[in-house]
>>> print(open('run-v7.txt').read())   # compact mmCIF, C-alpha atoms and all ligand atoms
# COMPACT_ATOMS: atom_id res chain seq x y z
CA MET A 1 102.17 94.19 86.31
CA GLU A 2 103.12 94.23 89.99
CA ILE A 3 103.25 97.79 91.40
CA PRO A 4 106.91 97.66 92.59
CA SER A 5 108.03 96.46 89.10
CA MET A 6 106.19 99.40 87.55
CA PHE A 7 108.11 101.77 89.84
CA ASP A 8 111.35 99.94 88.97
CA GLN A 9 110.67 100.77 85.32
CA ILE A 10 110.07 104.49 85.80
CA SER A 11 112.65 105.01 88.59
CA ARG A 12 115.26 106.70 86.35
CA LYS A 13 112.87 109.45 85.24
CA TYR A 14 110.64 109.46 88.34
CA ASP A 15 111.92 112.70 89.89
CA ILE A 16 111.91 114.75 86.71
CA ALA A 17 108.41 113.46 85.86
CA ASN A 18 107.20 114.52 89.34
CA ARG A 19 108.61 118.03 88.97
CA VAL A 20 107.18 118.54 85.47
CA LEU A 21 103.77 116.92 86.01
CA SER A 22 103.13 118.70 89.32
CA LEU A 23 104.58 121.98 87.98
CA GLY A 24 107.03 121.89 90.90
CA LEU A 25 104.27 121.68 93.52
CA ASP A 26 105.26 118.21 94.80
CA THR A 27 108.26 119.68 96.63
CA LEU A 28 105.99 122.24 98.33
CA TRP A 29 103.47 119.52 99.33
CA ARG A 30 106.21 117.49 101.07
CA LYS A 31 107.51 120.60 102.88
CA LYS A 32 104.00 121.54 103.97
CA ALA A 33 103.35 117.99 105.26
CA LEU A 34 106.55 117.90 107.30
CA LYS A 35 106.06 121.41 108.71
CA GLU A 36 102.55 120.40 109.80
CA ALA A 37 103.92 117.21 111.41
CA PHE A 38 106.58 119.28 113.18
CA LYS A 39 103.87 121.33 114.94
CA HIS A 40 102.46 118.18 116.54
CA LEU A 41 105.73 116.51 117.54
CA PRO A 42 107.16 116.90 121.07
CA ALA A 43 110.24 119.13 121.32
CA LYS A 44 112.81 116.34 121.28
CA LYS A 45 114.88 114.32 118.81
CA ILE A 46 112.82 112.61 116.12
CA ASP A 47 113.06 109.00 114.94
CA MET A 48 111.36 108.96 111.55
CA LEU A 49 110.24 106.26 109.11
CA ASP A 50 109.21 107.19 105.58
CA ILE A 51 107.12 104.40 104.01
CA ALA A 52 106.94 104.16 100.20
CA CYS A 53 110.03 106.37 100.28
CA GLY A 54 110.59 106.07 96.53
CA THR A 55 113.68 108.05 95.54
CA GLY A 56 114.01 109.59 99.01
CA ASP A 57 112.51 113.07 98.59
CA MET A 58 110.57 112.97 101.85
CA LEU A 59 113.72 112.08 103.80
CA THR A 60 115.86 114.79 102.22
CA THR A 61 113.10 117.32 102.87
CA ALA A 62 112.85 116.15 106.50
CA LYS A 63 116.57 116.80 106.94
CA GLU A 64 116.08 120.31 105.57
CA ILE A 65 113.18 121.02 107.95
CA PHE A 66 114.09 119.12 111.13
CA LYS A 67 117.88 119.65 110.84
CA ASP A 68 119.63 118.24 113.94
CA ARG A 69 116.31 117.34 115.55
CA LEU A 70 116.24 114.37 113.14
CA ASN A 71 117.91 111.59 115.10
CA LEU A 72 117.06 108.57 112.92
CA GLY A 73 115.82 108.54 109.32
CA VAL A 74 114.63 105.27 107.78
CA GLY A 75 113.16 104.86 104.30
CA LEU A 76 111.27 101.73 103.20
CA ASP A 77 110.04 100.76 99.74
CA PRO A 78 109.52 97.47 97.84
CA SER A 79 111.01 98.77 94.56
CA LEU A 80 114.74 97.96 94.43
CA LYS A 81 115.48 100.57 91.77
CA MET A 82 113.65 103.35 93.65
CA VAL A 83 115.57 102.42 96.82
CA GLU A 84 118.87 102.45 94.91
CA ARG A 85 118.13 105.98 93.72
CA ALA A 86 117.22 107.00 97.26
CA LYS A 87 120.53 105.56 98.48
CA SER A 88 122.53 107.59 96.00
CA LYS A 89 120.54 110.77 96.73
CA CYS A 90 120.91 110.34 100.52
CA ARG A 91 124.59 109.26 100.33
CA ASN A 92 125.87 111.73 102.92
CA LEU A 93 122.80 111.92 105.11
CA ASN A 94 123.21 108.80 107.23
CA PHE A 95 119.75 107.39 106.50
CA HIS A 96 118.86 103.71 106.49
CA LEU A 97 117.12 102.51 103.34
CA VAL A 98 115.41 99.15 103.37
CA LEU A 99 113.40 97.02 100.97
CA GLY A 100 109.96 96.11 102.29
CA THR A 101 106.25 96.73 102.24
CA ALA A 102 103.96 98.66 104.56
CA GLU A 103 102.00 95.49 105.23
CA ASN A 104 104.97 93.77 106.92
CA LEU A 105 107.12 96.40 108.58
CA PRO A 106 110.39 94.89 109.80
CA PHE A 107 110.42 96.99 112.99
CA LYS A 108 109.46 96.48 116.63
CA GLU A 109 106.35 98.09 118.12
CA ASN A 110 106.77 101.65 119.43
CA SER A 111 109.84 102.43 117.27
CA PHE A 112 109.14 105.79 115.62
CA ASP A 113 108.05 109.32 116.62
CA LEU A 114 106.99 110.11 113.06
CA ILE A 115 105.88 107.96 110.14
CA THR A 116 105.27 109.60 106.77
CA VAL A 117 103.74 108.22 103.59
CA ALA A 118 103.72 110.51 100.56
CA PHE A 119 101.64 109.26 97.64
CA GLY A 120 102.13 105.68 98.79
CA VAL A 121 99.01 104.58 100.71
CA ARG A 122 97.21 104.24 97.35
CA ASN A 123 99.73 101.55 96.41
CA PHE A 124 99.36 99.39 99.52
CA LYS A 125 98.05 95.95 98.53
CA ASN A 126 96.18 95.76 101.82
CA ARG A 127 95.57 99.27 103.15
CA GLN A 128 94.02 98.13 106.42
CA LYS A 129 97.03 95.92 107.18
CA GLY A 130 99.50 98.67 106.22
CA LEU A 131 97.79 101.27 108.42
CA LYS A 132 97.68 98.81 111.34
CA GLU A 133 101.40 98.16 110.91
CA ILE A 134 102.01 101.91 111.02
CA TYR A 135 100.00 102.14 114.24
CA ARG A 136 101.97 99.24 115.75
CA THR A 137 105.40 100.70 114.97
CA LEU A 138 104.63 104.28 116.04
CA LYS A 139 105.52 105.25 119.60
CA GLU A 140 102.65 106.25 121.85
CA GLY A 141 101.75 109.85 120.93
CA GLY A 142 103.65 109.38 117.64
CA ILE A 143 102.54 111.17 114.49
CA LEU A 144 101.45 109.76 111.13
CA THR A 145 101.52 112.11 108.15
CA ILE A 146 99.96 111.10 104.84
CA LEU A 147 99.94 112.96 101.56
CA GLU A 148 97.56 111.49 99.02
CA PHE A 149 95.34 112.41 96.11
CA SER A 150 91.61 112.23 96.62
CA PRO A 151 89.13 110.88 94.06
CA PRO A 152 86.98 113.20 91.93
CA SER A 153 84.06 114.76 93.76
CA ASN A 154 81.39 117.26 92.80
CA GLY A 155 83.87 119.92 93.82
CA ASN A 156 84.54 123.39 92.50
CA PHE A 157 86.00 124.41 89.14
CA LEU A 158 89.60 124.07 90.35
CA GLU A 159 88.98 120.49 91.53
CA LYS A 160 87.35 119.60 88.22
CA LEU A 161 90.19 121.19 86.29
CA SER A 162 92.89 119.39 88.30
CA TRP A 163 91.04 116.10 87.86
CA PHE A 164 90.81 116.65 84.07
CA TYR A 165 94.56 117.37 84.05
CA THR A 166 95.31 114.22 86.09
CA LYS A 167 93.10 111.93 84.03
CA ARG A 168 93.74 113.25 80.51
CA ILE A 169 97.05 115.13 80.40
CA VAL A 170 99.22 113.34 83.00
CA PRO A 171 99.18 109.91 81.24
CA LEU A 172 100.25 111.55 77.96
CA LEU A 173 102.97 113.75 79.46
CA GLY A 174 104.11 111.08 81.94
CA GLY A 175 104.28 108.59 79.07
CA VAL A 176 106.47 110.95 77.02
CA ILE A 177 108.83 111.70 79.93
CA THR A 178 109.24 108.14 81.27
CA GLY A 179 108.31 106.02 78.24
CA ASN A 180 105.69 104.30 80.42
CA LYS A 181 102.17 105.63 79.81
CA GLU A 182 100.69 102.69 81.74
CA ALA A 183 102.26 103.90 85.00
CA TYR A 184 100.61 107.30 84.65
CA SER A 185 97.23 105.85 83.67
CA TYR A 186 97.55 103.71 86.80
CA LEU A 187 97.94 106.96 88.76
CA SER A 188 94.49 108.31 87.87
CA ASN A 189 92.84 104.84 87.99
CA SER A 190 94.20 104.21 91.48
CA ILE A 191 93.05 107.65 92.66
CA GLU A 192 89.53 106.88 91.43
CA ARG A 193 89.52 103.71 93.55
CA PHE A 194 90.92 105.47 96.64
CA PRO A 195 88.66 106.59 99.53
CA THR A 196 87.52 110.18 99.87
CA SER A 197 89.22 112.20 102.61
CA GLU A 198 86.16 111.65 104.85
CA ASN A 199 86.37 107.87 104.40
CA LEU A 200 90.14 107.66 104.87
CA SER A 201 89.77 109.69 108.09
CA LYS A 202 87.16 107.16 109.26
CA GLU A 203 89.56 104.28 108.50
CA LEU A 204 92.31 105.99 110.48
CA LYS A 205 89.99 106.58 113.45
CA HIS A 206 88.80 102.98 113.30
CA ILE A 207 92.41 101.79 113.64
CA GLY A 208 92.87 104.00 116.69
CA PHE A 209 94.39 107.22 115.37
CA GLN A 210 93.25 110.60 116.57
CA VAL A 211 92.86 112.55 113.33
CA LEU A 212 94.36 115.99 113.93
CA VAL A 213 94.44 117.49 110.44
CA VAL A 214 92.69 116.82 107.13
CA LYS A 215 93.63 119.64 104.80
CA LYS A 216 93.16 120.10 101.06
CA LEU A 217 96.29 121.64 99.57
CA PHE A 218 96.63 123.42 96.23
CA PRO A 219 95.23 122.10 93.93
CA PRO A 220 92.55 120.60 96.16
CA ILE A 221 92.85 117.00 94.94
CA THR A 222 96.00 116.79 97.08
CA VAL A 223 95.13 116.09 100.71
CA LEU A 224 97.28 116.19 103.83
CA TYR A 225 96.34 114.03 106.83
CA VAL A 226 97.96 114.14 110.26
CA GLY A 227 97.04 111.57 112.89
CA ARG A 228 98.29 110.73 116.36
CA LYS A 229 98.63 107.30 117.96
CA ASN A 230 96.58 107.47 121.14
C1 LIG A 301 104.21 107.47 93.88
S1 LIG A 301 105.61 106.73 94.64
C2 LIG A 301 105.92 107.83 95.97
C3 LIG A 301 107.37 107.97 96.28
C4 LIG A 301 107.74 109.04 97.30
N1 LIG A 301 107.09 108.85 98.57
C5 LIG A 301 107.48 110.42 96.79
O1 LIG A 301 106.91 111.25 97.52
O2 LIG A 301 107.88 110.74 95.66
C6 LIG A 301 104.88 105.34 95.41
C7 LIG A 301 105.86 104.36 96.01
O3 LIG A 301 105.09 103.34 96.71
C8 LIG A 301 105.86 102.17 96.69
N2 LIG A 301 105.02 101.01 97.08
C9 LIG A 301 104.30 100.18 96.28
N3 LIG A 301 103.69 99.24 97.01
C10 LIG A 301 104.02 99.47 98.31
C11 LIG A 301 103.71 98.82 99.54
N4 LIG A 301 102.91 97.76 99.59
N5 LIG A 301 104.28 99.28 100.68
C12 LIG A 301 105.08 100.37 100.65
N6 LIG A 301 105.39 101.04 99.51
C13 LIG A 301 104.88 100.60 98.36
C14 LIG A 301 106.37 102.12 95.25
O4 LIG A 301 107.44 101.22 95.07
C15 LIG A 301 106.72 103.60 95.01
O5 LIG A 301 108.08 103.86 95.25
>>> encode(input="run-v7.txt", output="structure tokens")
Amino acid sequence: MEIPSMFDQISRKYDIANRVLSLGLDTLWRKKALKEAFKHLPAKKIDMLDIACGTGDMLTTAKEIFKDRLNLGVGLDPSLKMVERAKSKCRNLNFHLVLGTAENLPFKENSFDLITVAFGVRNFKNRQKGLKEIYRTLKEGGILTILEFSPPSNGNFLEKLSWFYTKRIVPLLGGVITGNKEAYSYLSNSIERFPTSENLSKELKHIGFQVLVVKKLFPPITVLYVGRKN
């Protein structure tokens, strides 16, 4: 199944599944990512693009954190049903929500101060192309913030435990909540195929980003990256 169709199918229960499966931590991860981005942004109004915006949680969190500093908020995602949910959630927030993929961003070069991708880079069909598009559309000095899960490593007990939870428990629970076990098996399978934080940092540097932050959050399979367009 195509990835956007899979997200169409789980869109109705997506938010509740996130809250339950992450034990509420997903909201803290987004806040942490945006607060970290905030530290590296110049003290002026912010034009922001959230790629793989899903149901819009990164945008609503950005409004909470940046308040009036947020000048422009754009969300982009290829799943129509996820975008529809984002539209209804962001009804009064004056955001622009568009259908599209990271690999072909419908924006001019040097458009945004901040681009965020929360749990979306793993879904890019062509990661290299998507990251290059991000680089192209960021303003000079602009900030990229990525939240993503990292594959299993020979880490400590907590890493092993969180990986066991992701691989064994999440597909069962996610399947019960959304009726789509396949989508939650895809989650752990796609994490296993995803680069380690060291390798993703190398990819970002290769494209031209200055990597400012690579931080494991709690639990440590969740990683926050902040890069700057040089
Ligand atoms: C796990 S959800 C993350 C949603 C949201 N960012 C969040 O934090 O909850 C991943 C999203 O990536 C989107 N996606 C899939 N392929 C994509 C692509 N090529 N470019 C951009 N987004 C994509 C899916 O439609 C889905 O909404």
>>> residues_around(input="run-v7.txt", residues="range 145-160 of chain A", least_positions_apart="5", cutoff="6 Å", atoms="only C-alpha atoms", output="list in words")
Thr116, Val117, Ala118, Phe119, Ile191, Glu192, Thr196, Pro220, Ile221, Thr222, Val223, Leu224, Tyr225 and Val226 of chain A
>>> closest_atom_pairs(input="run-v7.txt", of="range 79-144 of chain A", to="range 206-217 of chain A", cutoff="8 Å", atoms="all atoms listed in the file", output="JSON lines")
{"residue": "A:Leu131", "atom": "CA", "partner": "A:Ile207", "partner_atom": "CA", "distance": 7.5}
{"residue": "A:Lys132", "atom": "CA", "partner": "A:Ile207", "partner_atom": "CA", "distance": 6.5}
{"residue": "A:Tyr135", "atom": "CA", "partner": "A:Ile207", "partner_atom": "CA", "distance": 7.6}
>>> closest_residue(input="run-v7.txt", among="A:Ile46, A:Leu138, A:Cys53, A:Lys229", to="Lys81 in chain A", atoms="only C-alpha atoms")
A:Cys53
>>> axis_aligned_box(input="run-v7.txt", around="range 193-212 of chain A", padding_each_side="4 Å", output="lines of an AutoDock Vina configuration file")
center_x = 90.3
center_y = 108.9
center_z = 105.1
size_x = 16.2
size_y = 22.2
size_z = 31.1
>>> closest_residue(input="run-v7.txt", among="A:Phe95, A:Phe218, A:Tyr165, A:Tyr184", to="ligand LIG 301 (chain A)", atoms="only C-alpha atoms and all ligand atoms")
A:Tyr184
